[in-house]
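Raw contents of my_file19.pdb, PDB, C-alpha atoms:
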```pdb
ATOM      1  CA  MET A   1      31.155  53.019 109.496
ATOM      2  CA  HIS A   2      31.456  53.998 105.852
ATOM      3  CA  THR A   3      34.334  53.363 103.498
ATOM      4  CA  ARG A   4      33.905  56.181 100.975
ATOM      5  CA  PRO A   5      34.957  59.834 101.250
ATOM      6  CA  THR A   6      32.637  62.375 102.790
ATOM      7  CA  SER A   7      30.644  64.328 100.206
ATOM      8  CA  TYR A   8      31.302  68.019 100.897
ATOM      9  CA  LYS A   9      28.716  70.528  99.686
ATOM     10  CA  ILE A  10      30.847  73.600  98.967
ATOM     11  CA  ASP A  11      28.709  76.698  98.506
ATOM     12  CA  SER A  12      28.350  80.416  99.252
ATOM     13  CA  SER A  13      24.680  81.408  99.153
ATOM     14  CA  VAL A  14      23.455  84.832 100.282
ATOM     15  CA  ASP A  15      21.044  83.212 102.759
ATOM     16  CA  ASP A  16      23.852  81.261 104.439
ATOM     17  CA  GLU A  17      26.084  84.321 104.401
ATOM     18  CA  LEU A  18      23.367  86.373 106.116
ATOM     19  CA  VAL A  19      23.070  83.869 108.966
ATOM     20  CA  TYR A  20      26.827  83.634 109.377
ATOM     21  CA  LEU A  21      27.425  87.403 109.181
ATOM     22  CA  ARG A  22      24.779  88.080 111.838
ATOM     23  CA  TRP A  23      26.462  85.552 114.141
ATOM     24  CA  GLN A  24      29.922  87.000 113.506
ATOM     25  CA  ILE A  25      28.786  90.568 114.220
ATOM     26  CA  SER A  26      27.302  89.406 117.525
ATOM     27  CA  ARG A  27      30.785  88.117 118.475
ATOM     28  CA  TYR A  28      32.721  91.016 116.963
ATOM     29  CA  ASP A  29      34.171  92.293 120.243
ATOM     30  CA  ARG A  30      35.961  88.954 120.691
ATOM     31  CA  LEU A  31      37.109  88.778 117.078
ATOM     32  CA  ARG A  32      38.620  92.209 116.455
ATOM     33  CA  GLY A  33      42.150  90.825 116.659
ATOM     34  CA  TYR A  34      41.484  88.019 114.163
ATOM     35  CA  ASP A  35      41.030  89.915 110.899
ATOM     36  CA  CYS A  36      37.253  89.896 111.328
ATOM     37  CA  ARG A  37      35.952  91.329 108.066
ATOM     38  CA  VAL A  38      32.416  92.759 107.677
ATOM     39  CA  PRO A  39      30.819  94.309 104.549
ATOM     40  CA  PRO A  40      32.321  97.746 103.792
ATOM     41  CA  SER A  41      28.928  99.464 104.120
ATOM     42  CA  LEU A  42      28.641  98.278 107.749
ATOM     43  CA  VAL A  43      32.227  98.741 108.946
ATOM     44  CA  ASP A  44      31.810 102.116 110.652
ATOM     45  CA  ARG A  45      28.629 101.167 112.476
ATOM     46  CA  VAL A  46      30.011  97.823 113.644
ATOM     47  CA  ASN A  47      33.226  99.476 114.842
ATOM     48  CA  ASN A  48      31.099 102.001 116.744
ATOM     49  CA  GLY A  49      29.328  99.226 118.641
ATOM     50  CA  GLN A  50      26.184  98.405 116.657
ATOM     51  CA  ARG A  51      25.457  94.686 116.812
ATOM     52  CA  LEU A  52      21.843  94.349 115.649
ATOM     53  CA  PHE A  53      20.864  94.756 111.998
ATOM     54  CA  ALA A  54      17.687  93.911 110.117
ATOM     55  CA  ASP A  55      17.891  90.938 107.751
ATOM     56  CA  GLU A  56      17.240  93.095 104.695
ATOM     57  CA  GLU A  57      20.021  95.482 105.658
ATOM     58  CA  LEU A  58      22.472  92.612 106.026
ATOM     59  CA  ARG A  59      21.304  91.143 102.731
ATOM     60  CA  GLN A  60      21.844  94.434 100.895
ATOM     61  CA  ALA A  61      25.299  94.804 102.462
ATOM     62  CA  ILE A  62      26.264  91.298 101.330
ATOM     63  CA  VAL A  63      24.946  91.739  97.793
ATOM     64  CA  GLY A  64      26.647  95.144  97.514
ATOM     65  CA  ASP A  65      30.044  93.864  98.678
ATOM     66  CA  ALA A  66      32.212  93.977  95.573
ATOM     67  CA  GLU A  67      35.196  92.091  97.017
ATOM     68  CA  PRO A  68      36.026  89.480  94.349
ATOM     69  CA  GLY A  69      35.894  85.817  95.274
ATOM     70  CA  SER A  70      36.785  82.407  93.933
ATOM     71  CA  SER A  71      34.613  80.362  91.609
ATOM     72  CA  MET A  72      32.739  77.640  93.502
ATOM     73  CA  ASP A  73      33.506  75.269  90.623
ATOM     74  CA  GLU A  74      37.200  76.046  91.087
ATOM     75  CA  LEU A  75      37.070  75.314  94.822
ATOM     76  CA  ARG A  76      35.006  72.163  94.352
ATOM     77  CA  GLY A  77      37.503  70.968  91.761
ATOM     78  CA  GLU A  78      40.446  71.656  94.045
ATOM     79  CA  TRP A  79      38.889  69.575  96.812
ATOM     80  CA  ALA A  80      37.848  66.778  94.438
ATOM     81  CA  SER A  81      41.399  66.476  93.123
ATOM     82  CA  GLN A  82      42.569  65.045  96.472
ATOM     83  CA  ALA A  83      39.381  64.011  98.295
ATOM     84  CA  LYS A  84      39.748  60.242  97.945
ATOM     85  CA  GLU A  85      43.452  60.228  98.832
ATOM     86  CA  LEU A  86      42.916  62.455 101.889
ATOM     87  CA  PHE A  87      40.104  60.226 103.133
ATOM     88  CA  GLU A  88      42.095  57.024 102.697
ATOM     89  CA  SER A  89      45.298  58.424 104.188
ATOM     90  CA  PHE A  90      43.652  59.758 107.359
ATOM     91  CA  PHE A  91      39.904  59.642 107.945
ATOM     92  CA  ALA A  92      39.398  56.016 106.853
ATOM     93  CA  ARG A  93      41.843  54.966 109.605
ATOM     94  CA  MET A  94      39.666  56.420 112.362
ATOM     95  CA  LEU A  95      37.047  54.634 114.447
ATOM     96  CA  GLN A  96      34.764  57.683 114.231
ATOM     97  CA  ARG A  97      34.763  59.087 110.720
ATOM     98  CA  PRO A  98      33.250  62.216 109.214
ATOM     99  CA  PRO A  99      29.556  62.072 108.229
ATOM    100  CA  TYR A 100      28.582  61.090 104.689
ATOM    101  CA  PHE A 101      27.568  64.667 103.909
ATOM    102  CA  LEU A 102      29.075  67.857 105.282
ATOM    103  CA  LYS A 103      28.332  71.419 104.226
ATOM    104  CA  VAL A 104      31.173  73.892 103.693
ATOM    105  CA  HIS A 105      30.106  77.537 103.684
ATOM    106  CA  ILE A 106      32.571  79.824 101.883
ATOM    107  CA  THR A 107      32.383  83.263 103.496
ATOM    108  CA  LYS A 108      33.816  86.741 102.960
ATOM    109  CA  TYR A 109      33.256  87.619 106.616
ATOM    110  CA  GLY A 110      34.576  87.035 110.083
ATOM    111  CA  PRO A 111      38.004  85.515 110.584
ATOM    112  CA  GLY A 112      36.864  82.362 108.804
ATOM    113  CA  GLY A 113      37.543  78.849 109.982
ATOM    114  CA  PRO A 114      34.811  78.038 112.525
ATOM    115  CA  TYR A 115      33.098  74.683 112.699
ATOM    116  CA  HIS A 116      29.521  74.505 113.943
ATOM    117  CA  PRO A 117      28.674  71.163 115.576
ATOM    118  CA  THR A 118      25.010  72.065 116.158
ATOM    119  CA  GLY A 119      24.419  74.699 113.482
ATOM    120  CA  LEU A 120      23.354  78.311 114.003
ATOM    121  CA  PRO A 121      19.948  79.992 114.404
ATOM    122  CA  GLY A 122      18.516  79.968 110.886
ATOM    123  CA  HIS A 123      21.035  77.361 109.726
ATOM    124  CA  PRO A 124      20.329  74.009 111.426
ATOM    125  CA  GLY A 125      22.681  71.064 111.158
ATOM    126  CA  ARG A 126      26.430  70.874 111.567
ATOM    127  CA  PHE A 127      28.646  72.578 109.035
ATOM    128  CA  ILE A 128      32.052  74.182 108.670
ATOM    129  CA  THR A 129      32.944  77.662 107.438
ATOM    130  CA  ILE A 130      35.993  78.655 105.416
ATOM    131  CA  LYS A 131      37.119  82.194 104.685
ATOM    132  CA  GLU A 132      37.066  82.974 100.970
ATOM    133  CA  PRO A 133      40.605  81.942  99.889
ATOM    134  CA  ARG A 134      41.244  85.121  97.868
ATOM    135  CA  ILE A 135      40.419  87.220 100.925
ATOM    136  CA  ALA A 136      41.962  85.094 103.669
ATOM    137  CA  LYS A 137      45.416  84.891 102.057
ATOM    138  CA  LEU A 138      46.435  82.113 104.470
ATOM    139  CA  PRO A 139      49.499  79.914 103.926
ATOM    140  CA  ALA A 140      47.285  76.806 104.109
ATOM    141  CA  SER A 141      45.690  75.507 100.914
ATOM    142  CA  PHE A 142      41.907  75.214 100.542
ATOM    143  CA  ASN A 143      42.135  71.431 100.999
ATOM    144  CA  GLN A 144      44.274  71.776 104.114
ATOM    145  CA  VAL A 145      41.697  74.117 105.655
ATOM    146  CA  ILE A 146      38.881  71.641 104.932
ATOM    147  CA  VAL A 147      40.856  68.845 106.611
ATOM    148  CA  HIS A 148      41.675  71.111 109.582
ATOM    149  CA  GLU A 149      38.046  72.098 110.158
ATOM    150  CA  THR A 150      36.787  68.539 109.700
ATOM    151  CA  ILE A 151      39.209  67.294 112.356
ATOM    152  CA  GLU A 152      38.065  70.062 114.705
ATOM    153  CA  LEU A 153      34.466  68.964 114.193
ATOM    154  CA  LEU A 154      35.319  65.318 114.851
ATOM    155  CA  ILE A 155      37.151  65.985 118.127
ATOM    156  CA  HIS A 156      34.645  68.572 119.360
ATOM    157  CA  ASP A 157      33.084  66.268 121.961
ATOM    158  CA  GLU A 158      36.476  65.382 123.427
ATOM    159  CA  ILE A 159      37.465  69.059 123.473
ATOM    160  CA  GLU A 160      34.312  69.843 125.439
ATOM    161  CA  ARG A 161      34.622  66.837 127.779
ATOM    162  CA  ARG A 162      38.247  67.602 128.668
ATOM    163  CA  ARG A 163      37.660  71.375 128.778
ATOM    164  CA  THR A 164      40.544  71.893 126.386
ATOM    165  CA  SER A 165      41.459  75.525 125.766
ATOM    166  CA  HIS A 166      41.204  77.055 122.294
ATOM    167  CA  ASP A 167      44.977  77.378 121.918
ATOM    168  CA  VAL A 168      45.591  73.755 122.893
ATOM    169  CA  LYS A 169      42.829  72.574 120.561
ATOM    170  CA  GLU A 170      44.427  74.402 117.635
ATOM    171  CA  ALA A 171      47.819  72.907 118.450
ATOM    172  CA  ILE A 172      46.331  69.403 118.513
ATOM    173  CA  VAL A 173      44.541  69.866 115.191
ATOM    174  CA  ASP A 174      47.678  71.311 113.598
ATOM    175  CA  GLN A 175      49.599  68.262 114.755
ATOM    176  CA  PHE A 176      47.098  65.848 113.208
ATOM    177  CA  CYS A 177      47.039  67.889 109.982
ATOM    178  CA  SER A 178      50.819  67.623 109.708
ATOM    179  CA  CYS A 179      51.034  63.816 109.879
ATOM    180  CA  SER A 180      53.203  62.216 107.199
ATOM    181  CA  GLU A 181      50.249  60.525 105.483
ATOM    182  CA  LEU A 182      48.351  63.782 104.884
ATOM    183  CA  GLN A 183      51.436  65.743 103.891
ATOM    184  CA  ALA A 184      52.176  63.104 101.270
ATOM    185  CA  VAL A 185      48.892  64.122  99.609
ATOM    186  CA  TYR A 186      48.697  67.881 100.103
ATOM    187  CA  GLU A 187      52.371  68.631 100.788
ATOM    188  CA  LYS A 188      53.719  70.465 103.830
ATOM    189  CA  TYR A 189      51.088  71.714 106.259
ATOM    190  CA  PRO A 190      51.796  75.229 107.644
ATOM    191  CA  LYS A 191      51.236  75.057 111.402
ATOM    192  CA  GLN A 192      49.836  78.118 113.136
ATOM    193  CA  SER A 193      52.943  79.516 114.810
ATOM    194  CA  ARG A 194      51.140  81.084 117.775
ATOM    195  CA  PHE A 195      50.007  77.609 118.921
ATOM    196  CA  ALA A 196      53.316  75.808 118.347
ATOM    197  CA  ALA A 197      54.272  75.489 122.036
ATOM    198  CA  ALA A 198      50.860  74.426 123.361
ATOM    199  CA  LEU A 199      50.814  70.727 122.398
ATOM    200  CA  PRO A 200      49.906  68.560 125.430
ATOM    201  CA  ASP A 201      51.367  65.125 126.203
ATOM    202  CA  ASP A 202      48.026  63.343 125.565
ATOM    203  CA  TRP A 203      47.256  64.912 122.171
ATOM    204  CA  ARG A 204      47.165  61.545 120.363
ATOM    205  CA  SER A 205      44.237  60.332 122.470
ATOM    206  CA  TYR A 206      41.823  62.915 121.072
ATOM    207  CA  ILE A 207      41.252  60.575 118.096
ATOM    208  CA  GLU A 208      40.704  56.818 118.287
ATOM    209  CA  TRP A 209      42.217  54.781 115.485
ATOM    210  CA  GLN A 210      41.565  51.342 114.128
ATOM    211  CA  PRO A 211      44.182  48.832 115.378
ATOM    212  CA  GLY A 212      47.519  49.463 113.704
ATOM    213  CA  GLU A 213      46.169  52.380 111.658
ATOM    214  CA  SER A 214      47.479  55.397 113.579
ATOM    215  CA  PRO A 215      49.217  57.942 111.321
ATOM    216  CA  SER A 216      52.909  58.751 111.705
ATOM    217  CA  TRP A 217      54.955  61.882 112.181
ATOM    218  CA  ASP A 218      58.510  62.738 111.180
TER
END
```
Whole structure given in structure tokens:
Amino acid sequence: MHTRPTSYKIDSSVDDELVYLRWQISRYDRLRGYDCRVPPSLVDRVNNGQRLFADEELRQAIVGDAEPGSSMDELRGEWASQAKELFESFFARMLQRPPYFLKVHITKYGPGGPYHPTGLPGHPGRFITIKEPRIAKLPASFNQVIVHETIELLIHDEIERRRTSHDVKEAIVDQFCSCSELQAVYEKYPKQSRFAAALPDDWRSYIEWQPGESPSWD
């Protein structure tokens, strides 16, 4: 077990975006109700049912997408401003902590937010994806979204083993994200209202803590 914060590689390369966009388009029928954005040049064809696109066509659509985004330096700085405190207040208390290095892909596409415990075709290795903050317009801060997705990644095995539904999983993660220790660092965490009533009685057991180190809730 390590005692220093995870080093997050926050980036938004065209190659990573291509892999992620292809995956999102393949799942588009399931994601229509979740603000699933695709490049403007592909919107009509995707809405009409096309799911397969050549790599070069996807690349051109990504490069030609003029939707403005955040500076990567700005996002890296925002995370760095609280990284140590967030690690010490929550992740350092756990028996199973995040890996030393974790990639964060900033995307303009899909609903944002997925974590990928085994990677994607063309993008091996686990990573998390965050919707470009200027496009997502979520109530959660960039740092809160990173914490949320990291917790999802860490409890993935338990979610699979217990066959926990998506809604229940989101309620559990929201509950962990709103512990007093984390909120003391990044202020009030905005829970996802549609999952507010789904919290199960055994939600605490999805994370194992060092003796006497469990977080607290108001």
- Message: To test your reading of the syntax: which residues would the PyMOL selection byres ((chain A and resi 96-102) around 8) return for the file shown? Reply as a ChimeraX atom specification.
- Response: /A:1-2,5-9,91-92,94-95,103-104,126-128,150,154,208
Got time to write the residues from that selection, C-alpha atoms, as an mmCIF file, in the coordinates of the input?
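out31.cif, written as the output of this step:
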```cif
data_model
loop_
_atom_site.group_PDB
_atom_site.id
_atom_site.type_symbol
_atom_site.label_atom_id
_atom_site.label_comp_id
_atom_site.auth_asym_id
_atom_site.auth_seq_id
_atom_site.Cartn_x
_atom_site.Cartn_y
_atom_site.Cartn_z
ATOM 1 C CA MET A 1 31.155 53.019 109.496
ATOM 2 C CA HIS A 2 31.456 53.998 105.852
ATOM 3 C CA PRO A 5 34.957 59.834 101.250
ATOM 4 C CA THR A 6 32.637 62.375 102.790
ATOM 5 C CA SER A 7 30.644 64.328 100.206
ATOM 6 C CA TYR A 8 31.302 68.019 100.897
ATOM 7 C CA LYS A 9 28.716 70.528 99.686
ATOM 8 C CA PHE A 91 39.904 59.642 107.945
ATOM 9 C CA ALA A 92 39.398 56.016 106.853
ATOM 10 C CA MET A 94 39.666 56.420 112.362
ATOM 11 C CA LEU A 95 37.047 54.634 114.447
ATOM 12 C CA LYS A 103 28.332 71.419 104.226
ATOM 13 C CA VAL A 104 31.173 73.892 103.693
ATOM 14 C CA ARG A 126 26.430 70.874 111.567
ATOM 15 C CA PHE A 127 28.646 72.578 109.035
ATOM 16 C CA ILE A 128 32.052 74.182 108.670
ATOM 17 C CA THR A 150 36.787 68.539 109.700
ATOM 18 C CA LEU A 154 35.319 65.318 114.851
ATOM 19 C CA GLU A 208 40.704 56.818 118.287
#
```
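Rounded to one decimal, atom CA of A:Asp55 and atom CA of A:Asp15 lie 9.7 Å from each other.
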- To one decimal in Å, tell me the separation between atom CA of A:Tyr206 and atom CA of A:Ile159.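 Going from atom CA of A:Tyr206 over to atom CA of A:Ile159 covers 7.9 Å.
Comparing the minimum interatomic distances between A:Glu78 and each of A:Val43, A:Ile146, A:Ile207, A:Ile25, counting only C-alpha atoms, we find that A:Ile146 sits nearest.
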Excluding A:Arg134 and its own-chain neighbours fewer than 6 positions away, which residues fall within 9 Å of it when counting only C-alpha atoms? Please give them as a compact mmCIF listing (two decimals) with C-alpha atoms, in the coordinates of the input.
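Saved as around06.txt:
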```txt
# COMPACT_ATOMS: atom_id res chain seq x y z
CA PRO A 68 36.03 89.48 94.35
CA GLY A 69 35.89 85.82 95.27
CA SER A 70 36.78 82.41 93.93
```
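As for atom CA of A:Leu18 and atom CA of A:Leu42, they are spaced 13.1 Å apart.
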- Note on the structure: Counting all atoms listed in the file, the residue among A:Glu187, A:Asp44, A:Asp218, A:Asp202 that lies closest to A:Leu86 is A:Glu187
